[in-house]
Amino acid sequence: MQKMSGCSCKMHLFIPLILGVTLCPVRHAVDFDSIPRRTVPVHDLLDYKQFTHTVYNYTTFWLEEELGVLYVGARGAIFALNMSDISDSSIKVIQWEAVPAKRSDCLDKRGHTEMDCFNYIRFLKRFNGTHLYTCGTYAFHPHCAYIEIENFTLSSTFEGKEKCPYDPTIGYTGLIVDNKIYTATLYGFHGGLADIKRNFQQRSFRMDDSLPYSLNDANFVDSVLVTESVNSTLGDDDKIYFFFTEKLGEETAYNGKPLITRVARVCKSDEGGMRTLQRKWTSFLKTRVVCSIPEYGFYFNILKSIYVLDQGSWQSTIFYGVFISQWQNVQMSAVCQYTIADVRKTFEGPFKEDQESPHRWSRYTDKVPEPRPGSCITDEFRRRGFKTSHDLPDIVLDFVKKHPLMHEEVTPVGGRPVFIKKNVNYTKIVVDTITALDDKQYNVMFIGTVEGWLHKVVNTGSSVHIIEEIQIYKEPQPVESLVLSSTQGMLYIGSQSAVIQLSVASCRKYATCFDCILARDPYCGWDGEVCREIRMEKDRSQLIQDLVNGSRGCLDSGADVPLEAKSRRVQKGSDIVLQCRLSSNIAIARWKINKAELLGNGGKCYRQEDGSLVVKDVQIQDGGEYRCFAEEDGVRYAVAWYNISVTESMAASPLSPPQPQISKGREFIYLIIIAVLAAFAFVLSILSIYLFCSPSKRGNYNMRLPRSSLVELQNISGSCVGKAEEGEPGHYHGDRFLKIIPGEAASNHRTPTVELLPPPPPPPPLPLPPDLSSSSSSSDPATTITAATTPNGLPGLPHVLRKMNGNSYVLLRQASEMESTSPHYHSFTEELSKMLEKRKHAQLVEKPDESSV
Ligand SMILES: *[C@@H]1O[C@H](CO)[C@@H](O)[C@H](O)[C@H]1NC(C)=O
Ligand SMILES: *[C@@H]1O[C@H](CO)[C@@H](O)[C@H](O)[C@H]1NC(C)=O
Ligand SMILES: *[C@@H]1O[C@H](CO)[C@@H](O)[C@H](O)[C@H]1NC(C)=O
């Protein structure tokens with residue numbers, strides 16, 4: 001795929017020469033669209049455990065690592081799962097459905113659907129040593145209750161309106177600190193006002209709503225306690241931070257009211273004012289959180305998820321935020337990182353002021369009253385006689401009422417996102433820290449998508465590398481909750497249909513040394529025989545890992561065991577496809593024919609697609625040894641080896657050579673496959689005869705494929721001066737076949753042959769610049785097709801195909817310009833998926849050894 005991007009850029013370079021305009025954007029160090037090295041479909045996942053019950057919407061998680069329990073709030077039920085194995089049958093359930101009276105009341109009210117009127121569990125957290133606290137929407141009549149942990153029973157008294165939203169879809173966050181319940185959402189039947197509340201023993205504490213600008217249609221995402229009182233030289237207070245998006249009502253003049261991301265904070269010991277701000281926050285301040293690359297016009301304004309990485313002390317707290325953009329017409333997500341120090345600094349900086357002019361809010365430059373408004377009570381305050389917020393003078397409280405907004409913004413570490421991914425909508429993030437073999441700490445991000453995939457991403461310092469994309473759910477659905485147990489090395493993923501448990505590591509999936517090392521997975525190391533999870537190992541000295549280059553370590557491991565050759569006989573005149581199954585999306589396949597590198601070959605027309613080699617119109621002299629190598633990060637390893645012998649006639653090459661050891665059942669399956677493929681090939685042959693016989697199209701093998709497409713075939717020889725052009729149209733024989741020769745099955749792990757590259761490897765593919773022209777330059781219908789987006793960020797290719805990388809099949813078709821623009825023209829991609837679909841229906845056995853027609 002990288003080679004394609006290089007290709008497309010060359011194409012672009014031609015045009016400016018003619019037009020005098022630069023269409024090929026300048027490439028930058030920013031990685032806009034790094035490609036996940038591996039694509040792991042759900043059925044290939046190891047250590048995959050699933051929990052599902054008769055209900056839906058498994059969205060509220062509470063993990064108790066010490067008890068070994070994962071609590072899950074769903075629709076009308078709460079579960080206590082064994083966190084070592086969530087599929088373990090010893091689950092406990094609390095059924096908590098809204099009573100019929102409340103349900104019908106909910107349905108009677110305007111605009112509520114059947115779906116709204118359940119009890120969606122939205123809050124589930126530890127309350128004290130013996131109880132949890134939970135809240136549900138209860139058919140638009142919010143209810144909260146205690147859960148006794150020992151017996152897992154729900155208390156019989158309910159409360160709720162002050163702590164839980166009515167609407168199951170509305171933004172909501174909450175936490176419990178010192179038995180006080182902090183919640184932030186829109187309270188009220190019809191949405192109502194956004195508020196941050198604190199409830200303690202029936203007493204409610206809230207925001208001041210006498211002035212309209214504290215919150216503006218806020219959609220709350222997360223809340224965090226940062227224990228800033230610990231080892232504070234100032235005698236500072238703990239603070240609770242709230243992350244949300246809201247409408248920008250007060251700053252610059254945009255068209256409409258764009259959303260922006262904010263962080264707000266309150267002090268834990270805030271008790272409100274005496275006369276002014278009675279039982280209301282005196283410490284509420286908010287500011288803007290930025291995640292953007294202005295020079296590219298990328299503004300990620302909508303926050304989806306926050307993960308707090310607390311590395312031992314509050315001073316080292318890092319917030320990871322996942323953002324999407326309201327404006328980009330191409331789907332794009334970004335991850336930005338913020339330090340607690342940067343967040344604190346903005347709250348200590350200048351205030352903004354409402355000047356009631358067109359550019360209303362600007363920096364406040366007058367004198368700020370003393371003691372500093374919005375500050376927590378510190379030693380300095382206490383010395384001056386302000387022991388609690390009750391003691392604060394009215395002038396300070398009036399000021400904070402009118403100036404809740406800080407002038408400075410919170411900017412991300414490094415001034416820009418950690419990384420950006422095109423064509424994907426991220427939903428949730430967690431971050432794990434692992435000490436790798438080089439004794440350095442690496443942060444590994446696990447990020448869920450709206451399509452039900454998980455990206456595992458490592459920041460190696462010099463670059464950000466997507467180790468893999470993992471399909472979590474077969475049916476696409478958003479990842480709605482994501483919880484990490486660092487101690488167990490487990491991830492818990494929640495969605496509408498099920499809870500999934502996955503190991504953060506599962507190194508066994510890397511079968512060879514090269515796979516293990518090139519993965520650059522900080523959890524895994526090669527011990528000479530297998531890929532192991534490093535933290536399970538007492539003696540790490542024998543393990544190899546190379547996170548920075550991903551290429552060192554396997555060369556002297558004596559892995560020089562040759563691949564087993566596959567011998568195949570094919571008939572003269574056939575077209576054959578030799579598979580080369582690459583497990584990595586970033587590897588490039590290189591073919592050698594009879595030891596000669598396939599670069600250009602005496603007029604013979606070869607093509608490569610996703611690593612597979614297509615040889616057209618095979619002649620006797622084309623027989624011999626075909627070897628495929630994967631090339632990645634400067635190393636080469638053997639992947640497939642075929643010995644092809646070409647025979648003159650059908651009789652000399654039986655369809656399948658007699659294999660006495662084949663069982664009856666197998667034989668039968670083969671027969672079916674052969675029959676199906678024969679029928680298919682027959683249709684193809686008819687088609688090709690038709691096309692070949694049509695004079696205008698004779699010998700035209702230029703596949704009219706979308707230029708930037710991943711599946712663009714490469715014409716290795718540059719021009720196709722093959723036999724196809726020799727014979728006369730009428731003389732074309734109808735015995736042309738499409739022959740598909742499957743490569744090694746993925747399970748067929750062999751230690752690959754190793755070969756050091758003599759010349760330095762080609763430079764790694766440069767990241768794709770933002771495809772600024774993708775929406776405008778789609779005059780070519782084929783391009784439009786490729787611009788379509790897919791869950792895993794590949795243009796125009798269904799993810800099934802991507803996973804089959806190197807094992808996909810090539811349809812040899814001849815198409816003219818006319819065809820490609822006609823309404824009946826199907827894109828190559830479509831054809832390919834159809835073909836794969838057909839093969840699937842033909843019950844492709846696990847390892848079809850050879851399929852010929
Ligand atoms: C709950 O799950 C159902 C079924 O998958 C889905 O249609 C609905 O949108 C979900 N509701 C919420 C509030 O997530
Ligand atoms: C959870 O499962 C593990 C192993 O599957 C088992 O050893 C443990 O006892 C279980 N815990 C509970 C609380 O059932
Ligand atoms: C925890 O809170 C519940 C509900 O208020 C109460 O009944 C229980 O006694 C408390 N437990 C402890 C250990 O304080």
# chains A, B, ... in the order shown; residues from 1 in each chain; ligands from 1
>>> residues_around(residues="region 195-203 of chain A", least_positions_apart="3", cutoff="6 Å", atoms="only C-alpha atoms", output="VMD selection string")
chain A and resid 180 to 185 206
>>> write_last_selection(atoms="C-alpha atoms", output="PDB file, in the first residue's frame")
ATOM      1  CA  LYS A 180     -19.583  12.469  48.539  1.00  0.00           C
ATOM      2  CA  ILE A 181     -21.028  11.796  45.123  1.00  0.00           C
ATOM      3  CA  TYR A 182     -19.930  14.170  42.377  1.00  0.00           C
ATOM      4  CA  THR A 183     -21.944  14.029  39.176  1.00  0.00           C
ATOM      5  CA  ALA A 184     -22.021  16.170  36.080  1.00  0.00           C
ATOM      6  CA  THR A 185     -24.708  15.976  33.434  1.00  0.00           C
ATOM      7  CA  ARG A 206     -24.248  22.822  42.843  1.00  0.00           C
TER       8      ARG A 206
END
>>> residues_near_ligand(ligand="ligand 1", cutoff="8 Å", atoms="only C-alpha atoms and all ligand atoms", output="PyMOL selection string")
chain A and resi 56-57+59+75+115-116+120+168-169+496-497
>>> write_last_selection(atoms="N, CA and C atoms", output="mmCIF file, in the first residue's frame")
data_model
loop_
_atom_site.group_PDB
_atom_site.id
_atom_site.type_symbol
_atom_site.label_atom_id
_atom_site.label_comp_id
_atom_site.auth_asym_id
_atom_site.auth_seq_id
_atom_site.Cartn_x
_atom_site.Cartn_y
_atom_site.Cartn_z
ATOM 1 N N TYR A 56 -28.994 -6.098 26.975
ATOM 2 C CA TYR A 56 -28.084 -5.361 26.094
ATOM 3 C C TYR A 56 -27.399 -4.220 26.850
ATOM 4 N N ASN A 57 -26.622 -3.466 26.122
ATOM 5 C CA ASN A 57 -26.015 -2.218 26.594
ATOM 6 C C ASN A 57 -25.125 -2.423 27.827
ATOM 7 N N THR A 59 -22.523 -1.124 29.316
ATOM 8 C CA THR A 59 -21.747 0.099 29.116
ATOM 9 C C THR A 59 -21.134 0.703 30.367
ATOM 10 N N ARG A 75 -28.530 -2.900 30.683
ATOM 11 C CA ARG A 75 -29.898 -2.398 30.610
ATOM 12 C C ARG A 75 -30.769 -3.288 31.485
ATOM 13 N N MET A 115 -37.276 2.175 23.345
ATOM 14 C CA MET A 115 -35.868 2.021 23.672
ATOM 15 C C MET A 115 -35.430 2.935 24.818
ATOM 16 N N ASP A 116 -36.038 4.123 24.927
ATOM 17 C CA ASP A 116 -35.656 5.064 25.990
ATOM 18 C C ASP A 116 -36.124 4.592 27.361
ATOM 19 N N TYR A 120 -31.434 2.014 32.233
ATOM 20 C CA TYR A 120 -30.032 1.927 31.814
ATOM 21 C C TYR A 120 -29.153 2.267 33.005
ATOM 22 N N PRO A 168 -30.836 8.134 28.597
ATOM 23 C CA PRO A 168 -29.721 7.177 28.589
ATOM 24 C C PRO A 168 -28.566 7.556 27.658
ATOM 25 N N THR A 169 -28.799 8.490 26.744
ATOM 26 C CA THR A 169 -27.748 8.779 25.756
ATOM 27 C C THR A 169 -26.961 10.046 26.081
ATOM 28 N N GLN A 496 -22.886 -2.658 23.024
ATOM 29 C CA GLN A 496 -24.310 -2.996 23.097
ATOM 30 C C GLN A 496 -24.541 -4.480 23.330
ATOM 31 N N SER A 497 -23.723 -5.324 22.707
ATOM 32 C CA SER A 497 -24.083 -6.739 22.713
ATOM 33 C C SER A 497 -23.322 -7.616 23.685
#
>>> select_by_dssp(residues="region 511-571 of chain A", states="strand (DSSP E or B)", output="PyMOL selection string")
chain A and resi 524-526+531-533+544+566-571
>>> write_last_selection(atoms="all heavy atoms", output="tab-separated table (two decimals), in the first residue's frame")
chain	number	residue	atom	x	y	z
A	524	CYS	N	6.35	-8.29	24.26
A	524	CYS	CA	6.81	-9.59	23.76
A	524	CYS	C	8.30	-9.61	23.44
A	524	CYS	O	8.87	-8.62	23.00
A	524	CYS	CB	6.04	-9.95	22.49
A	524	CYS	SG	4.26	-9.97	22.69
A	525	GLY	N	8.92	-10.77	23.66
A	525	GLY	CA	10.32	-10.98	23.31
A	525	GLY	C	10.52	-12.40	22.79
A	525	GLY	O	9.76	-13.31	23.16
A	526	TRP	N	11.55	-12.58	21.98
A	526	TRP	CA	11.82	-13.89	21.37
A	526	TRP	C	12.88	-14.60	22.19
A	526	TRP	O	13.93	-14.03	22.48
A	526	TRP	CB	12.28	-13.69	19.93
A	526	TRP	CG	12.50	-14.97	19.18
A	526	TRP	CD1	13.71	-15.55	18.89
A	526	TRP	CD2	11.52	-15.82	18.61
A	526	TRP	NE1	13.52	-16.71	18.19
A	526	TRP	CE2	12.18	-16.91	18.00
A	526	TRP	CE3	10.11	-15.78	18.58
A	526	TRP	CZ2	11.50	-17.94	17.35
A	526	TRP	CZ3	9.44	-16.80	17.94
A	526	TRP	CH2	10.13	-17.87	17.33
A	531	CYS	N	7.76	-16.77	20.98
A	531	CYS	CA	7.58	-15.38	21.37
A	531	CYS	C	6.89	-15.37	22.73
A	531	CYS	O	5.82	-15.95	22.89
A	531	CYS	CB	6.73	-14.66	20.32
A	531	CYS	SG	6.81	-12.88	20.43
A	532	ARG	N	7.54	-14.76	23.70
A	532	ARG	CA	7.04	-14.83	25.08
A	532	ARG	C	6.64	-13.47	25.61
A	532	ARG	O	7.19	-12.45	25.21
A	532	ARG	CB	8.15	-15.34	26.00
A	532	ARG	CG	8.44	-16.78	25.83
A	532	ARG	CD	9.36	-17.26	26.94
A	532	ARG	NE	9.73	-18.64	26.69
A	532	ARG	CZ	8.94	-19.66	26.98
A	532	ARG	NH1	7.77	-19.47	27.55
A	532	ARG	NH2	9.32	-20.89	26.70
A	533	GLU	N	5.74	-13.51	26.56
A	533	GLU	CA	5.37	-12.29	27.26
A	533	GLU	C	6.47	-11.98	28.26
A	533	GLU	O	6.71	-12.78	29.17
A	533	GLU	CB	4.02	-12.48	27.95
A	533	GLU	CG	3.43	-11.19	28.39
A	533	GLU	CD	2.05	-11.35	28.99
A	533	GLU	OE1	1.33	-12.31	28.63
A	533	GLU	OE2	1.70	-10.52	29.84
A	544	ILE	N	14.92	-11.41	23.20
A	544	ILE	CA	15.31	-10.37	22.24
A	544	ILE	C	14.09	-9.51	21.93
A	544	ILE	O	12.97	-10.00	21.82
A	544	ILE	CB	15.78	-10.94	20.89
A	544	ILE	CG1	16.49	-12.28	21.06
A	544	ILE	CG2	16.66	-9.95	20.17
A	544	ILE	CD1	16.72	-12.96	19.74
A	566	LYS	N	6.61	-26.12	-2.53
A	566	LYS	CA	5.36	-26.71	-2.99
A	566	LYS	C	5.51	-26.98	-4.48
A	566	LYS	O	5.78	-26.05	-5.24
A	566	LYS	CB	4.20	-25.75	-2.75
A	566	LYS	CG	3.96	-25.51	-1.29
A	566	LYS	CD	2.54	-25.05	-1.06
A	566	LYS	CE	2.13	-25.38	0.37
A	566	LYS	NZ	0.70	-25.49	0.51
A	567	SER	N	5.37	-28.23	-4.87
A	567	SER	CA	5.52	-28.55	-6.28
A	567	SER	C	4.17	-28.53	-6.95
A	567	SER	O	3.20	-29.09	-6.46
A	567	SER	CB	6.14	-29.94	-6.41
A	567	SER	OG	7.43	-29.91	-5.87
A	568	ARG	N	4.14	-27.85	-8.07
A	568	ARG	CA	2.86	-27.71	-8.78
A	568	ARG	C	3.07	-27.94	-10.26
A	568	ARG	O	4.07	-27.49	-10.83
A	568	ARG	CB	2.30	-26.30	-8.58
A	568	ARG	CG	2.03	-25.94	-7.16
A	568	ARG	CD	0.81	-26.70	-6.65
A	568	ARG	NE	0.57	-26.40	-5.25
A	568	ARG	CZ	1.01	-27.16	-4.26
A	568	ARG	NH1	1.70	-28.26	-4.50
A	568	ARG	NH2	0.76	-26.83	-3.01
A	569	ARG	N	2.11	-28.61	-10.85
A	569	ARG	CA	2.15	-28.76	-12.30
A	569	ARG	C	1.03	-27.93	-12.89
A	569	ARG	O	-0.11	-28.00	-12.42
A	569	ARG	CB	1.98	-30.22	-12.67
A	569	ARG	CG	3.32	-30.95	-12.65
A	569	ARG	CD	3.23	-32.22	-13.41
A	569	ARG	NE	2.49	-33.22	-12.66
A	569	ARG	CZ	2.20	-34.42	-13.14
A	569	ARG	NH1	2.56	-34.75	-14.37
A	569	ARG	NH2	1.55	-35.30	-12.42
A	570	VAL	N	1.35	-27.17	-13.86
A	570	VAL	CA	0.29	-26.38	-14.50
A	570	VAL	C	0.35	-26.58	-16.01
A	570	VAL	O	1.37	-26.98	-16.56
A	570	VAL	CB	0.43	-24.87	-14.19
A	570	VAL	CG1	0.21	-24.60	-12.72
A	570	VAL	CG2	1.78	-24.34	-14.61
A	571	GLN	N	-0.74	-26.30	-16.62
A	571	GLN	CA	-0.81	-26.51	-18.05
A	571	GLN	C	-0.36	-25.28	-18.81
A	571	GLN	O	-0.64	-24.14	-18.40
A	571	GLN	CB	-2.24	-26.86	-18.43
A	571	GLN	CG	-2.30	-27.56	-19.77
A	571	GLN	CD	-3.67	-27.46	-20.36
A	571	GLN	OE1	-4.64	-27.24	-19.65
A	571	GLN	NE2	-3.75	-27.61	-21.66
>>> residues_around(residues="region 140-148 of chain A", least_positions_apart="3", cutoff="9 Å", atoms="only C-alpha atoms", output="ChimeraX atom specification")
/A:98,102-103,105-106,116-119,123,127,130-137,151-168,189
>>> residues_near_ligand(ligand="ligand 2", cutoff="7 Å", atoms="only C-alpha atoms and all ligand atoms", output="number ranges by chain")
A: 68-69, 82-85, 88, 90
>>> atom_distance(atom1="CA of Gly174 (chain A)", atom2="CA of Asp222 (chain A)")
7.5 Å
>>> closest_residue(among="A:Gly321, A:Ala80, A:Cys267, A:Gln95", to="Thr54 (chain A)", atoms="only C-alpha atoms")
A:Gln95
>>> closest_residue(among="A:Lys402, A:Arg520, A:Lys595, A:Arg126", to="ligand 3", atoms="only C-alpha atoms and all ligand atoms")
A:Arg126
>>> atom_distance(atom1="CA of Pro417 (chain A)", atom2="CA of His455 (chain A)")
16.4 Å
>>> atom_distance(atom1="CA of Gly272 (chain A)", atom2="CA of Asp366 (chain A)")
25.2 Å
>>> closest_residue(among="A:Thr487, A:Gly461, A:Phe51, A:Asp379", to="Gly414 (chain A)", atoms="only C-alpha atoms")
A:Gly461
>>> residues_around(residues="region 373-378 of chain A", least_positions_apart="6", cutoff="8 Å", atoms="only C-alpha atoms", output="compact mmCIF listing (two decimals) with C-alpha atoms, in the first residue's frame")
# COMPACT_ATOMS: atom_id res chain seq x y z
CA LEU A 234 1.39 25.09 49.49
CA GLY A 235 -0.99 23.10 51.63
CA ASP A 236 -3.14 22.78 48.54
CA ASP A 237 -6.43 20.93 48.28
CA CYS A 267 -11.76 21.99 44.98
CA SER A 269 -13.02 21.13 50.29
CA ASP A 270 -15.16 23.83 48.68
CA THR A 282 -16.68 29.02 44.82
CA SER A 283 -13.84 27.27 43.03
CA PHE A 284 -15.37 26.43 39.64
CA LEU A 285 -13.04 27.48 36.83
CA PHE A 386 -9.56 32.36 55.33
CA LYS A 387 -9.92 28.92 56.87
CA THR A 388 -12.71 27.71 54.56
CA SER A 389 -14.54 29.04 51.53
CA VAL A 396 -13.70 37.56 45.55
CA LEU A 397 -16.85 35.47 45.14
CA PHE A 399 -15.36 38.03 40.75
CA VAL A 400 -15.29 34.25 40.37
>>> decode(residues="region 120-140 of chain A", atoms="C-alpha atoms", output="mmCIF file, in the first residue's frame")
data_model
loop_
_atom_site.group_PDB
_atom_site.id
_atom_site.type_symbol
_atom_site.label_atom_id
_atom_site.label_comp_id
_atom_site.auth_asym_id
_atom_site.auth_seq_id
_atom_site.Cartn_x
_atom_site.Cartn_y
_atom_site.Cartn_z
ATOM 1 C CA TYR A 120 -30.032 1.927 31.814
ATOM 2 C CA ILE A 121 -27.392 1.609 34.519
ATOM 3 C CA ARG A 122 -25.231 4.700 34.223
ATOM 4 C CA PHE A 123 -23.371 4.924 37.499
ATOM 5 C CA LEU A 124 -21.604 2.141 39.375
ATOM 6 C CA LYS A 125 -18.828 2.912 41.856
ATOM 7 C CA ARG A 126 -17.531 1.963 45.272
ATOM 8 C CA PHE A 127 -19.262 3.885 48.063
ATOM 9 C CA ASN A 128 -17.666 2.573 51.255
ATOM 10 C CA GLY A 129 -16.123 -0.573 52.668
ATOM 11 C CA THR A 130 -19.299 -2.583 52.302
ATOM 12 C CA HIS A 131 -21.346 -0.942 49.581
ATOM 13 C CA LEU A 132 -21.342 0.123 45.959
ATOM 14 C CA TYR A 133 -23.493 2.954 44.686
ATOM 15 C CA THR A 134 -25.428 2.743 41.445
ATOM 16 C CA CYS A 135 -27.796 4.871 39.398
ATOM 17 C CA GLY A 136 -30.057 4.013 36.485
ATOM 18 C CA THR A 137 -32.263 6.096 34.215
ATOM 19 C CA TYR A 138 -35.246 3.938 35.240
ATOM 20 C CA ALA A 139 -37.480 4.822 32.311
ATOM 21 C CA PHE A 140 -36.832 8.560 32.646
#
